[in-house]
Amino acid sequence: MARQRHAAALLGGVLALAVSLAPRAARANPPDTYGFGSRETAMGNAVAAETRGVAANYYNPAALARSRGLEVSIGYFRANHYLEMNGRDNGVDPVKGINAGLVAPGRLLGIPFAFGLGLHLPDDRISRVRALRQEQPRWELYDNRNQRLYLAANLAIEPFPWLQIGGGLSFMSSTRGQLNISGAANVLQPDESQLRHEVDADLTAIRYPQAGIRIILSEDVALAAVYRGEFQLGLDLGAHLQGDIVGLTTALYDLETHSVNNFLPQQLVFGGSWKLAKNVRGTFDARWINWSAYVSPVARLDVLLDIPPPSGGWPSTITPPQTPAATRIVPLRMHDRIIPHLGVEWRAYGSRRLEGFVRGGYEISKTPIEPQTGLTNYVDRDRHTLSLGLGATARRLAKELPASLSLDVHAAISELIEDTTKKASAADFVGDYSAHGYIVNLGLMLTVAFDGWGAPTKEEP
Amino acid sequence: MLGVASGLLAARGAAASPEDLFGYGARTSAMGATGTAHATGYEAAWHNPALASVVRTPKLTLGYTGGVLRLDAQGDGLPGRISSAPVKGTTIGAEIPVPLGGRFAHRVGLALAFYEPTDVVVRGRVLYPEKTQFPMVDNRAQSVTIRAALGVNVGYGIRVGVGFAALAEVVGTVVAATDATGRVGTRVEDQLVATYAPVLGATYDLPLNGPARWRFGATYRGEQTARFAIVIDGSKLSSLQIPLFNISGLAQYDPAQAAVEVARSEGLGVLAAQVVYKHWGAFPGLLEPTVVCNDGGAGACGLTPPKIDWHDTFVVRVGAEQGFELARGAVARARTGAFYETTPLPSEIPGSEAYDAGVKGVVTVPTRYFDSNRLALTVGAGLALSKPLPPIDLDVFAQYHVLLPRAVTSVDGNGGALSRGESSGHITVIGMTAGVRF
């Protein structure tokens, strides 16, 4: 009874933390597309009921409570895109960077408790904003959305030996600001321009929640459910230019813009893990993604441009700038999708000091984007992903290191099936195009788990 | 023309450290923001990474800090009270012993320190110099903190540690052009790039006999900068030869600094005295030139921001703590302290260049930056529970800062006064944390 009371208090604490840091909006996650951790990526991301350690920060925070000692992981992955339209490579940048994190477990009021941090830190940048016109063809789900940091903090408890509950927050930020430029622009000798600027911009805090539950039905079976919240990365900007165009006229320019630069739909995952044979475990996840709530990443603009003609009219060599026409945003229609994931892990070798694993996985992701028959060109294709991986865990390496040391590697290849986009209008500026491609994802992760002298993990699902 | 300005869709500032203004953590913030020789747990990530090695039990801490800034600039043409956003944010700290064995047992620890303002991650507010502002205080209180530290007890009374502070800055380009259909389009590519500043620390316990322990601590924190640097190219919009715009500046800045401290501990009592040197002389200033010159780049032509001779500064801090055992497993602590920090802003600063549309030429306008030497008084209390009670720590603190009245004059190139004013004000900060050991 006391354990239940303590468990309720702890759960209340977890929820209070989540509520006190109430979620708002943020960005897309590279782990959604490329996985988080080599073991889990190799298993086709079908791990809601099977994940453990640092990777649980993304796949299922409840599974943090499976850790019995401090765990620290660091790894690296690189996903190269070979995406083509009409036979030409579109040069979509690779996604690459460090995956890392830690899990610090303990007992609180007699209840197993764990705190976890998960981080994907891209090599080149924390995030990138790339704004394109809606007509310009782009691989909407791969081009820019995955070029960003992922940072999550979670708590988990195990109130009963058969139940683990966890939740936490991921962090990002939105932008709002005002830019002013004033002075005199010399259009005949630009270097003689007398201009200056001021900026008043805020990065506003964005948090979105994730929560999970893991139920251990028996030594052979575990089930899980995970929720990941929606976020929007907003960009609100005002710009004001007022000054002289030297020798000619004056200029006034006011701009107000609002856009959702990136959007991650909410997700719900149901998963299971089954012991298929003595050393073989099979896993299955079904992930529902609320793509129909997607918001087009196109800016809404309100512009005021006032450049009166010079008293003698514009010189013949000068074409004055025109006020940009208001953007008519064409909604991007997307459909909710359920993505199945399959995974398998075979403990191919096992002894007191060394274990070896072989892993595999598969997932199919039907494109959520409606056929682009009109003005817009958000390109995507159905994706099939096959993944493989190896893992090794060593124990009793040194007296000074009372821990198990694991090295996992993964390789995954995705094929985006070729299809042709046919435009409704024969006069369409872009025209019909075919598109397809591959994504090759390679990575590894090293984990140190201070689980005493590292007896092989108890056989629990 | 300046549809290009939408490029600043991504022109965000970056981070810096409110901890440089107020300290970090409820315990040490109550002790005059001392801690280089006596900080414990997650607070070591800011005060001295070496002290992360003291961690024996995992602990997670959550807290809240709020504060009000009342900054005044009095004088002709000055507004008096400056509007400043309140300080409010969440503190998250984690401390984790690294359970190595053998000769490394109980010698290594990790400390993680986060502070996230409630409303903003960071405020990048770089205003025209003639606008009255307190650039050393106002915005610097509005920024995220991300710090990590690893400490090792090497024996012989010596502990060493290393850590880092993470920030971010923005670099990018915005190109506006007219496409083949005659429509104006914009291509924006801006990136948020991580920047890191190192933190190094060491402590030494004097090998003295007796009930009291004397510990010396030293910490070096590297310079922390957060620029925004966006180049806007509108030259392809029309046949007007528009210069490239360099929308750049320094949203947040912490100077390189070194702190030394001595702390005396006996029983449940701690006394500490600290001196900090901050290398503000390397501060490059807030603004960068707006025009990118064809010959020489930004700053080689056109208007240039004022060049101010920023001064290195010193901070003197003292703090005290006394504990009282209330009952079995319950210890209450009372804390107090004070610190005095000099300002890096000279009392005489140059004016700034601006274009005056009325006279169709460049004029000198006053630079209305203000700052003062700061005296802070701190107080706080703590309650630490352990078996048979729940393993919880509660700490509260309050700080009251006085910006001592100080005259600041802006002068033109001939030494003539453009503006005279007196800066003053006060800052009140309160906070609390609750930590749970597990």
# chains A, B, ... in the order shown; residues from 1 in each chain; ligands from 1
$ residues_around --residues "Thr145 of chain B" --least-positions-apart "2" --cutoff "6 Å" --atoms "only C-alpha atoms" --output "number ranges by chain"
B: 17, 114-115
$ residues_around --residues "segment 394-396 of chain B" --least-positions-apart "4" --cutoff "7 Å" --atoms "only C-alpha atoms" --output "PyMOL selection string"
chain B and resi 26-27+380-384+431-435
$ closest_atom_pairs --of "segment 17-81 of chain A" --to "segment 143-164 of chain A" --cutoff "12 Å" --atoms "only C-alpha atoms" --output "tab-separated table"
residue	atom	partner	partner_atom	distance
A:Leu17	CA	A:Leu155	CA	9.4
A:Ala18	CA	A:Asn154	CA	9.5
A:Leu21	CA	A:Ala153	CA	11.7
A:Ala26	CA	A:Tyr150	CA	10.4
A:Arg27	CA	A:Arg145	CA	7.7
A:Ala28	CA	A:Arg145	CA	5.8
A:Asn29	CA	A:Asn146	CA	6.1
A:Pro30	CA	A:Asn146	CA	4.7
A:Pro31	CA	A:Tyr150	CA	7.9
A:Asp32	CA	A:Asn146	CA	8.8
A:Thr33	CA	A:Asn146	CA	7.9
A:Tyr34	CA	A:Asn146	CA	9.1
A:Gly35	CA	A:Asn146	CA	11.5
A:Phe36	CA	A:Tyr150	CA	10.0
A:Ala49	CA	A:Gln164	CA	10.5
A:Arg52	CA	A:Gln164	CA	11.7
A:Gly53	CA	A:Ala156	CA	11.6
A:Val54	CA	A:Asn154	CA	10.4
A:Ala55	CA	A:Ala152	CA	10.8
A:Ala56	CA	A:Asn154	CA	9.2
A:Asn57	CA	A:Asn154	CA	6.4
A:Tyr58	CA	A:Ala152	CA	7.5
A:Tyr59	CA	A:Ala152	CA	11.1
A:Asn60	CA	A:Asn154	CA	9.6
A:Pro61	CA	A:Asn154	CA	6.2
A:Ala62	CA	A:Gln164	CA	5.2
A:Ala63	CA	A:Gln164	CA	6.6
A:Leu64	CA	A:Ala156	CA	5.9
A:Ala65	CA	A:Ala156	CA	5.5
A:Arg66	CA	A:Gln164	CA	8.1
A:Ser67	CA	A:Ala156	CA	10.3
A:Arg68	CA	A:Glu158	CA	11.5
A:Arg78	CA	A:Gln147	CA	11.9
A:Ala79	CA	A:Asn146	CA	10.5
A:Asn80	CA	A:Asp143	CA	11.4
A:His81	CA	A:Asp143	CA	9.2
$ write_last_selection --atoms "C-alpha atoms" --output "compact mmCIF listing (two decimals), in the first residue's frame"
# COMPACT_ATOMS: atom_id res chain seq x y z
CA LEU A 17 6.95 18.67 -13.91
CA ALA A 18 5.33 18.19 -17.28
CA LEU A 21 6.85 23.28 -18.08
CA ALA A 26 9.01 23.45 -31.62
CA ARG A 27 10.59 21.47 -34.51
CA ALA A 28 10.87 18.15 -36.30
CA ASN A 29 13.05 15.39 -34.98
CA PRO A 30 15.83 13.61 -36.84
CA PRO A 31 15.16 10.48 -34.73
CA ASP A 32 11.73 10.20 -36.36
CA THR A 33 13.38 9.57 -39.68
CA TYR A 34 16.75 8.04 -38.87
CA GLY A 35 16.34 6.49 -35.44
CA PHE A 36 18.15 7.17 -32.17
CA ALA A 49 8.41 -2.18 -25.81
CA ARG A 52 16.38 0.52 -22.94
CA GLY A 53 19.05 2.91 -21.76
CA VAL A 54 19.73 6.20 -23.49
CA ALA A 55 17.61 5.36 -26.54
CA ALA A 56 14.54 5.14 -24.31
CA ASN A 57 14.64 8.93 -24.05
CA TYR A 58 13.21 8.97 -27.56
CA TYR A 59 11.44 5.64 -28.07
CA ASN A 60 9.71 5.21 -24.73
CA PRO A 61 10.64 7.19 -21.61
CA ALA A 62 9.06 4.52 -19.43
CA ALA A 63 11.85 2.14 -20.38
CA LEU A 64 14.40 4.36 -18.62
CA ALA A 65 13.28 2.55 -15.49
CA ARG A 66 14.81 -0.67 -16.89
CA SER A 67 18.30 0.66 -16.18
CA ARG A 68 19.87 -0.52 -12.94
CA ARG A 78 25.40 9.65 -41.02
CA ALA A 79 22.45 9.41 -43.39
CA ASN A 80 23.22 10.19 -47.00
CA HIS A 81 20.38 11.09 -49.35
$ select_by_dssp --residues "segment 12-122 of chain A" --states "alpha helix (DSSP H)" --output "list of chain:residue names"
A:Gly12, A:Gly13, A:Val14, A:Leu15, A:Ala16, A:Leu17, A:Ala18, A:Val19, A:Ser20, A:Pro30, A:Pro31, A:Asp32, A:Thr33, A:Tyr34, A:Ser38, A:Arg39, A:Glu40, A:Thr41, A:Ala42, A:Ala56, A:Asn57, A:Tyr58, A:Tyr59
$ select_by_dssp --residues "segment 62-156 of chain A" --states "strand (DSSP E or B)" --output "VMD selection string"
chain A and resid 71 to 85 88 to 89 95 to 108 111 to 122 127 to 131 138 to 139 148 150 to 156
$ atom_distance --atom1 "atom CA of Asp356 of chain B" --atom2 "atom CA of Tyr128 of chain B"
13.7 Å
$ closest_residue --among "B:Ser347, B:Thr57, B:Asn414, B:Thr34" --to "Ala94 of chain B" --atoms "only C-alpha atoms"
B:Thr57
$ residues_around --residues "Gly89 of chain B" --least-positions-apart "4" --cutoff "6 Å" --atoms "only C-alpha atoms" --output "list in words"
Tyr64, Thr65, Glu116, Pro117 and Thr118 of chain B
$ residues_around --residues "Ile232 of chain B" --least-positions-apart "3" --cutoff "7 Å" --atoms "only C-alpha atoms" --output "VMD selection string"
chain B and resid 4 173 to 175 244 to 246
$ write_last_selection --atoms "N, CA and C atoms" --output "JSON list (two decimals), in the first residue's frame"
[["chain", "number", "residue", "atom", "x", "y", "z"],
["B", 4, "VAL", "N", 13.99, 41.04, -48.47],
["B", 4, "VAL", "CA", 15.13, 40.29, -47.95],
["B", 4, "VAL", "C", 15.16, 40.26, -46.43],
["B", 173, "THR", "N", 22.57, 33.74, -44.67],
["B", 173, "THR", "CA", 22.42, 34.66, -45.78],
["B", 173, "THR", "C", 20.96, 34.72, -46.20],
["B", 174, "VAL", "N", 20.62, 35.85, -46.72],
["B", 174, "VAL", "CA", 19.29, 36.03, -47.31],
["B", 174, "VAL", "C", 19.51, 36.70, -48.65],
["B", 175, "VAL", "N", 19.00, 36.09, -49.68],
["B", 175, "VAL", "CA", 19.14, 36.66, -51.02],
["B", 175, "VAL", "C", 17.75, 36.89, -51.58],
["B", 244, "LEU", "N", 25.18, 45.38, -49.80],
["B", 244, "LEU", "CA", 24.88, 44.23, -48.95],
["B", 244, "LEU", "C", 24.71, 44.73, -47.52],
["B", 245, "PHE", "N", 23.70, 44.19, -46.84],
["B", 245, "PHE", "CA", 23.46, 44.57, -45.45],
["B", 245, "PHE", "C", 24.05, 43.52, -44.52],
["B", 246, "ASN", "N", 24.85, 43.99, -43.60],
["B", 246, "ASN", "CA", 25.47, 43.11, -42.61],
["B", 246, "ASN", "C", 24.71, 43.29, -41.30]]
